[in-house]
file target_17.cif (mmCIF, C-alpha atoms)
data_start
#
loop_
_atom_site.label_atom_id
_atom_site.label_comp_id
_atom_site.auth_asym_id
_atom_site.auth_seq_id
_atom_site.Cartn_x
_atom_site.Cartn_y
_atom_site.Cartn_z
CA MET A 1 75.85 102.89 78.79
CA PRO A 2 74.35 100.84 75.93
CA THR A 3 75.84 97.38 75.46
CA ASP A 4 76.91 97.98 71.86
CA HIS A 5 78.98 101.03 72.89
CA PHE A 6 80.77 99.31 75.77
CA THR A 7 84.57 99.23 75.54
CA TRP A 8 86.91 99.05 78.51
CA SER A 9 89.32 101.61 77.09
CA SER A 10 86.56 104.23 76.88
CA LEU A 11 85.52 103.96 80.53
CA PRO A 12 88.01 106.38 82.15
CA ALA A 13 87.12 109.28 79.86
CA GLU A 14 83.39 108.61 80.34
CA GLY A 15 83.57 108.46 84.14
CA PHE A 16 83.07 104.71 84.47
CA PRO A 17 79.32 104.44 83.82
CA PHE A 18 78.01 100.97 84.55
CA PRO A 19 77.33 99.12 81.26
CA GLU A 20 73.64 98.35 81.58
CA GLY A 21 72.58 95.22 79.73
CA VAL A 22 75.94 93.47 80.04
CA PRO A 23 75.63 90.31 82.16
CA ALA A 24 77.33 90.66 85.54
CA SER A 25 79.01 87.30 84.99
CA ARG A 26 80.68 88.62 81.84
CA LEU A 27 81.87 91.75 83.64
CA SER A 28 83.21 89.65 86.50
CA ASP A 29 85.14 87.37 84.15
CA GLU A 30 86.58 90.23 82.13
CA LEU A 31 87.52 92.26 85.18
CA SER A 32 89.24 89.27 86.74
CA ALA A 33 91.23 88.67 83.55
CA MET A 34 92.26 92.33 83.26
CA LEU A 35 93.32 92.49 86.90
CA VAL A 36 96.28 90.20 86.17
CA SER A 37 97.46 92.25 83.20
CA ARG A 38 101.06 93.44 83.12
CA ASP A 39 99.82 96.69 81.56
CA PRO A 40 99.05 99.14 84.40
CA LYS A 41 96.59 101.06 82.21
CA VAL A 42 94.52 97.91 81.76
CA ARG A 43 94.94 96.56 85.28
CA ASP A 44 94.81 99.74 87.36
CA ASP A 45 93.35 102.60 85.33
CA GLN A 46 90.58 100.51 83.78
CA ALA A 47 89.85 97.23 85.59
CA TYR A 48 90.53 98.10 89.22
CA THR A 49 89.01 101.57 89.03
CA ALA A 50 85.88 100.17 87.41
CA ALA A 51 85.65 97.26 89.86
CA ALA A 52 86.07 99.52 92.90
CA ARG A 53 83.33 101.87 91.77
CA TRP A 54 80.85 99.24 90.63
CA ILE A 55 81.35 97.04 93.69
CA GLY A 56 80.88 100.04 95.97
CA GLU A 57 77.71 101.06 94.13
CA GLY A 58 76.25 97.55 94.45
CA CYS A 59 76.21 96.97 90.71
CA LEU A 60 78.07 93.66 91.03
CA ASP A 61 76.33 92.23 94.08
CA GLU A 62 75.17 89.12 92.22
CA VAL A 63 78.79 88.16 91.44
CA LEU A 64 80.36 89.56 94.61
CA GLU A 65 81.26 86.20 96.13
CA ASN A 66 82.76 85.03 92.86
CA LEU A 67 84.91 88.16 92.66
CA GLY A 68 86.15 87.49 96.18
CA ASP A 69 86.89 83.83 95.48
CA THR A 70 88.82 84.72 92.34
CA ALA A 71 90.82 87.39 94.17
CA ALA A 72 91.68 85.02 97.01
CA ASP A 73 92.86 82.41 94.51
CA ARG A 74 95.15 84.99 92.86
CA LEU A 75 97.14 85.43 96.08
CA THR A 76 99.21 82.45 94.90
CA HIS A 77 99.47 83.64 91.28
CA PRO A 78 102.99 83.40 89.81
CA GLU A 79 103.02 87.07 88.75
CA ILE A 80 103.49 89.82 91.27
CA GLN A 81 100.99 92.33 89.84
CA ALA A 82 98.25 89.69 89.99
CA ARG A 83 99.02 88.91 93.63
CA THR A 84 99.17 92.52 94.77
CA PHE A 85 95.93 93.64 93.14
CA ALA A 86 94.02 90.71 94.62
CA PRO A 87 93.86 92.27 98.13
CA LEU A 88 92.50 95.49 96.63
CA VAL A 89 89.57 93.57 95.20
CA LEU A 90 89.09 91.79 98.53
CA ARG A 91 89.04 95.20 100.22
CA CYS A 92 86.27 96.38 97.91
CA VAL A 93 84.22 93.21 98.33
CA LEU A 94 84.59 93.23 102.11
CA ALA A 95 83.66 96.92 102.31
CA ARG A 96 80.53 96.16 100.32
CA THR A 97 79.59 93.34 102.69
CA VAL A 98 79.85 95.76 105.62
CA ALA A 99 77.80 98.40 103.82
CA ALA A 100 75.22 95.86 102.66
CA PRO A 101 75.00 93.06 105.26
CA GLY A 102 74.13 89.75 103.66
CA ALA A 103 75.61 90.63 100.27
CA VAL A 104 78.19 87.92 100.94
CA PRO A 105 77.91 85.23 103.63
CA LYS A 106 80.31 85.49 106.57
CA ALA A 107 81.63 82.04 105.65
CA ALA A 108 82.98 83.51 102.42
CA ALA A 109 84.91 86.21 104.26
CA GLU A 110 86.37 83.55 106.53
CA ARG A 111 87.27 81.51 103.45
CA TRP A 112 89.23 84.45 102.01
CA TYR A 113 90.84 85.28 105.34
CA ALA A 114 93.00 82.14 105.44
CA PRO A 115 94.84 82.61 102.11
CA PHE A 116 95.20 86.32 102.79
CA THR A 117 96.90 85.77 106.15
CA THR A 118 99.22 83.23 104.54
CA TRP A 119 100.19 85.55 101.70
CA TYR A 120 100.52 88.94 103.40
CA PRO A 121 103.50 88.47 105.75
CA ALA A 122 105.24 86.09 103.34
CA GLU A 123 105.20 88.13 100.09
CA ARG A 124 108.82 88.71 99.11
CA ASP A 125 108.33 91.29 96.34
CA THR A 126 107.39 94.36 98.32
CA ARG A 127 108.33 97.03 95.77
CA GLY A 128 105.93 99.92 95.68
CA TRP A 129 106.47 100.82 92.04
CA ASP A 130 107.90 99.19 88.93
CA ASP A 131 108.65 101.27 85.82
CA SER A 132 107.03 98.64 83.58
CA LEU A 133 104.29 97.17 85.78
CA GLY A 134 103.30 100.38 87.55
CA TRP A 135 102.01 100.24 91.12
CA LEU A 136 102.59 96.93 92.90
CA HIS A 137 102.38 97.97 96.57
CA ALA A 138 102.02 94.57 98.24
CA VAL A 139 102.45 96.12 101.69
CA ALA A 140 100.01 99.00 101.12
CA HIS A 141 97.37 96.98 99.29
CA GLY A 142 97.56 94.20 101.87
CA ALA A 143 97.20 96.77 104.64
CA ASP A 144 94.01 98.06 103.04
CA ALA A 145 92.64 94.52 102.92
CA ALA A 146 93.63 93.85 106.54
CA ALA A 147 91.62 96.88 107.68
CA ALA A 148 88.65 95.69 105.63
CA PHE A 149 88.85 92.21 107.14
CA ALA A 150 88.74 93.80 110.61
CA GLN A 151 85.45 95.48 109.70
CA ALA A 152 83.92 92.34 108.19
CA LEU A 153 85.32 89.91 110.79
CA PRO A 154 85.70 91.94 114.01
CA GLY A 155 86.57 88.81 115.96
CA ARG A 156 89.83 88.70 114.00
CA ARG A 157 91.02 92.18 115.06
CA ALA A 158 93.81 91.09 117.41
CA GLU A 159 95.05 88.56 114.85
CA LEU A 160 95.08 91.21 112.14
CA LEU A 161 97.12 93.59 114.29
CA GLU A 162 99.67 90.82 114.78
CA LEU A 163 99.60 90.14 111.04
CA CYS A 164 100.51 93.78 110.38
CA ALA A 165 103.36 93.47 112.86
CA ARG A 166 104.66 90.38 111.09
CA ARG A 167 104.48 92.23 107.78
CA MET A 168 106.43 95.28 108.94
CA THR A 169 109.15 93.15 110.57
CA ALA A 170 109.50 90.69 107.67
CA ALA A 171 113.10 90.30 106.49
CA VAL A 172 113.11 91.96 103.06
CA ASP A 173 115.67 94.01 101.13
CA TYR A 174 113.22 96.73 100.09
CA ARG A 175 113.03 99.91 102.14
CA TYR A 176 109.65 101.62 102.18
CA VAL A 177 109.85 104.53 99.76
CA GLN A 178 106.30 104.79 98.39
CA LEU A 179 104.46 105.68 101.62
CA GLU A 180 104.00 102.03 102.55
CA ASP A 181 104.64 102.95 106.17
CA ALA A 182 101.74 105.43 106.15
CA ARG A 183 99.34 102.96 104.51
CA LEU A 184 100.25 100.29 107.05
CA ALA A 185 99.89 102.76 109.91
CA ARG A 186 96.48 103.85 108.62
CA ALA A 187 95.36 100.22 108.49
CA ILE A 188 96.47 99.64 112.08
CA GLY A 189 94.61 102.77 113.09
CA ARG A 190 91.46 101.57 111.35
CA ILE A 191 91.70 98.18 113.04
CA LEU A 192 92.09 99.90 116.41
CA LEU A 193 88.95 101.91 115.67
CA VAL A 194 86.79 98.79 115.52
CA PRO A 195 84.88 98.85 118.84
CA GLY A 196 85.51 96.40 121.63
CA LEU A 197 89.30 96.01 121.75
CA SER A 198 90.74 95.83 125.24
CA ALA A 199 93.98 97.64 126.09
CA GLU A 200 95.76 94.28 126.10
CA GLN A 201 94.45 93.40 122.64
CA ALA A 202 95.25 96.86 121.32
CA THR A 203 98.90 96.62 122.39
CA GLY A 204 99.60 92.88 122.41
CA TRP A 205 100.74 92.82 118.77
CA LEU A 206 103.67 95.09 119.62
CA SER A 207 105.36 92.12 121.31
CA VAL A 208 106.03 90.80 117.79
CA VAL A 209 107.89 94.02 117.00
CA THR A 210 109.80 93.99 120.29
CA LYS A 211 110.98 90.41 119.81
CA ALA A 212 112.10 91.11 116.26
CA LEU A 213 114.15 94.12 117.34
CA GLU A 214 115.67 92.28 120.29
CA ALA A 215 117.17 89.81 117.83
CA GLY A 216 119.01 92.61 116.02
CA GLY A 217 122.71 93.13 116.56
CA TYR A 218 125.44 95.70 116.15
CA GLY A 219 125.87 97.28 112.72
CA PRO A 220 123.89 99.10 110.04
CA VAL A 221 120.12 99.23 110.23
CA PRO A 222 118.70 96.49 107.97
CA PRO A 223 115.83 97.39 105.64
CA TRP A 224 113.23 95.51 107.70
CA ALA A 225 114.18 97.43 110.84
CA PHE A 226 114.07 100.72 108.93
CA ASN A 227 110.60 99.75 107.69
CA THR A 228 109.52 98.95 111.23
CA PHE A 229 110.74 102.24 112.67
CA ALA A 230 109.19 104.20 109.79
CA THR A 231 105.84 102.47 110.32
CA LEU A 232 105.88 103.04 114.07
CA GLN A 233 106.67 106.73 113.59
CA SER A 234 103.80 107.03 111.14
CA LEU A 235 101.51 105.13 113.48
CA HIS A 236 102.33 107.47 116.36
CA LEU A 237 101.31 110.42 114.18
CA HIS A 238 98.09 108.69 113.14
CA LEU A 239 97.24 107.91 116.75
CA THR A 240 97.92 111.48 117.81
CA ARG A 241 96.04 113.19 115.00
CA GLY A 242 93.40 110.55 114.32
CA LEU A 243 91.87 109.57 110.99
CA ALA A 244 89.64 111.83 108.94
CA GLU A 245 87.08 109.01 108.96
CA GLY A 246 86.79 107.59 112.45
CA GLY A 247 88.88 109.94 114.55
CA VAL A 248 91.13 108.72 117.36
CA PRO A 249 90.86 105.10 118.60
CA SER A 250 89.75 104.71 122.20
CA GLN A 251 93.01 102.94 123.03
CA ALA A 252 95.19 105.46 121.16
CA ALA A 253 96.97 106.81 124.23
CA VAL A 254 98.12 103.44 125.55
CA VAL A 255 99.17 102.23 122.09
CA ALA A 256 101.04 105.47 121.37
CA GLU A 257 102.95 105.17 124.65
CA GLU A 258 103.97 101.59 123.84
CA VAL A 259 105.04 102.66 120.36
CA ALA A 260 107.10 105.54 121.78
CA SER A 261 108.77 103.11 124.17
CA ILE A 262 109.90 100.96 121.25
CA LEU A 263 111.07 104.00 119.28
CA ARG A 264 113.34 105.00 122.14
CA LEU A 265 115.53 102.05 121.16
CA PRO A 266 116.89 103.79 118.05
CA TYR A 267 115.98 107.32 119.17
CA HIS A 268 117.40 107.32 122.68
CA TRP A 269 117.11 111.11 122.86
CA LEU A 270 113.29 111.03 122.95
CA ALA A 271 111.71 112.32 126.13
#
call {"tool": "encode", "arguments": {"input": "target_17.cif", "output": "structure tokens"}}
result
Amino acid sequence: MPTDHFTWSSLPAEGFPFPEGVPASRLSDELSAMLVSRDPKVRDDQAYTAAARWIGEGCLDEVLENLGDTAADRLTHPEIQARTFAPLVLRCVLARTVAAPGAVPKAAAERWYAPFTTWYPAERDTRGWDDSLGWLHAVAHGADAAAAFAQALPGRRAELLELCARRMTAAVDYRYVQLEDARLARAIGRILLVPGLSAEQATGWLSVVTKALEAGGYGPVPPWAFNTFATLQSLHLHLTRGLAEGGVPSQAAVVAEEVASILRLPYHWLA
């Protein structure tokens, strides 16, 4: 696409061609600014869709680390839509580093890991959708990033499984209604697919879930417990059927049995 014809609003209709001749630094700055927009058409339909495609195609490799640094910094942004789209950018950048080793130094991924693990279980606004802001999806977007971190930093796999457990058991008032449970289950499945996990590592994170449920008392099911049960049900399905990309994790059977054991707490009629 010629530089003089480049407008962000025209990209969706044109199939997001990369604007040749536009400095990557300018694109990085403009994308980063648009990714905090309160307008979902600007933030999601234009900026994120363009960033995901161009990062995946390697068009932004020269500014990849900068994009990751900016995204990590936005995890403490005062506005929810800025915080929840930051992990999506991290997912794209991390996926690119796996596809093109050396595109970003490992130290950068470790640098982004710390603020991500602080933000993910602590985010209080977990709504999937807002009628004004559009998709927010802190749980789902964070899950996608967690799976990407497991690919880029395989030594962090057990920690990331525990992080997902802390997210699903976090005390929030929002009940998963926008398939957050499935996105979180998929992420756990993808983490379990990373080679080298022992059976103990593959199941150890479930102790976080067990302890959280043990602290529950008599009365109605609180939203966090509902979210936990929904995620575990979805995970059991994912472990049984496998993922279209990757198949069934090697430790699927033992994890599924542990998950079923926990689910017998609310569903005492299970065999």
call {"tool": "resolve_selection", "arguments": {"input": "target_17.cif", "expression": "the PyMOL selection byres ((chain A and resi 234) around 10)", "output": "PDB file with C-alpha atoms, keeping the file's coordinate frame"}}
result
ATOM      1  CA  LEU A 179     104.460 105.680 101.620  1.00  0.00           C
ATOM      2  CA  GLU A 180     104.000 102.030 102.550  1.00  0.00           C
ATOM      3  CA  ASP A 181     104.640 102.950 106.170  1.00  0.00           C
ATOM      4  CA  ALA A 182     101.740 105.430 106.150  1.00  0.00           C
ATOM      5  CA  ARG A 183      99.340 102.960 104.510  1.00  0.00           C
ATOM      6  CA  LEU A 184     100.250 100.290 107.050  1.00  0.00           C
ATOM      7  CA  ALA A 185      99.890 102.760 109.910  1.00  0.00           C
ATOM      8  CA  ARG A 186      96.480 103.850 108.620  1.00  0.00           C
ATOM      9  CA  THR A 228     109.520  98.950 111.230  1.00  0.00           C
ATOM     10  CA  PHE A 229     110.740 102.240 112.670  1.00  0.00           C
ATOM     11  CA  ALA A 230     109.190 104.200 109.790  1.00  0.00           C
ATOM     12  CA  THR A 231     105.840 102.470 110.320  1.00  0.00           C
ATOM     13  CA  LEU A 232     105.880 103.040 114.070  1.00  0.00           C
ATOM     14  CA  GLN A 233     106.670 106.730 113.590  1.00  0.00           C
ATOM     15  CA  LEU A 235     101.510 105.130 113.480  1.00  0.00           C
ATOM     16  CA  HIS A 236     102.330 107.470 116.360  1.00  0.00           C
ATOM     17  CA  LEU A 237     101.310 110.420 114.180  1.00  0.00           C
ATOM     18  CA  HIS A 238      98.090 108.690 113.140  1.00  0.00           C
ATOM     19  CA  LEU A 239      97.240 107.910 116.750  1.00  0.00           C
ATOM     20  CA  THR A 240      97.920 111.480 117.810  1.00  0.00           C
TER      21      THR A 240
END
call {"tool": "atom_distance", "arguments": {"input": "target_17.cif", "atom1": "atom CA of A:Asp45", "atom2": "atom CA of A:Trp8"}}
result
10.0 Å
call {"tool": "resolve_selection", "arguments": {"input": "target_17.cif", "expression": "the PyMOL selection byres ((chain A and resi 137) around 10)", "output": "ChimeraX atom specification"}}
result
/A:80-81,84-85,125-130,134-136,138-143,176,178-180,183
call {"tool": "closest_residue", "arguments": {"input": "target_17.cif", "among": "A:Ala122, A:Leu197, A:Leu263, A:Ala33", "to": "A:Arg156", "atoms": "only C-alpha atoms"}}
result
A:Leu197
call {"tool": "resolve_selection", "arguments": {"input": "target_17.cif", "expression": "the PyMOL selection byres ((chain A and resi 168) around 8)", "output": "list in words"}}
result
Cys164, Ala165, Arg166, Arg167, Thr169, Ala170, Trp224, Asn227, Thr228 and Thr231 of chain A
call {"tool": "atom_distance", "arguments": {"input": "target_17.cif", "atom1": "atom CA of A:Phe16", "atom2": "atom CA of A:Glu57"}}
result
11.6 Å
call {"tool": "residues_around", "arguments": {"input": "target_17.cif", "residues": "A:Ala145", "least_positions_apart": "5", "cutoff": "12 Å", "atoms": "all atoms listed in the file", "output": "NGL selection string"}}
result
:A and (68 or 71-72 or 84-95 or 109 or 112-113 or 116-117 or 119-120 or 138-140 or 150-153 or 160 or 163-164 or 183-184 or 186-188 or 190-191)
call {"tool": "residues_around", "arguments": {"input": "target_17.cif", "residues": "A:Glu245", "least_positions_apart": "2", "cutoff": "10 Å", "atoms": "all atoms listed in the file", "output": "list in words"}}
result
Arg190, Leu193, Gly242, Leu243, Gly247 and Val248 of chain A
call {"tool": "closest_residue", "arguments": {"input": "target_17.cif", "among": "A:Arg124, A:Glu79, A:Glu65, A:Leu206", "to": "A:Val104", "atoms": "only C-alpha atoms"}}
result
A:Glu65
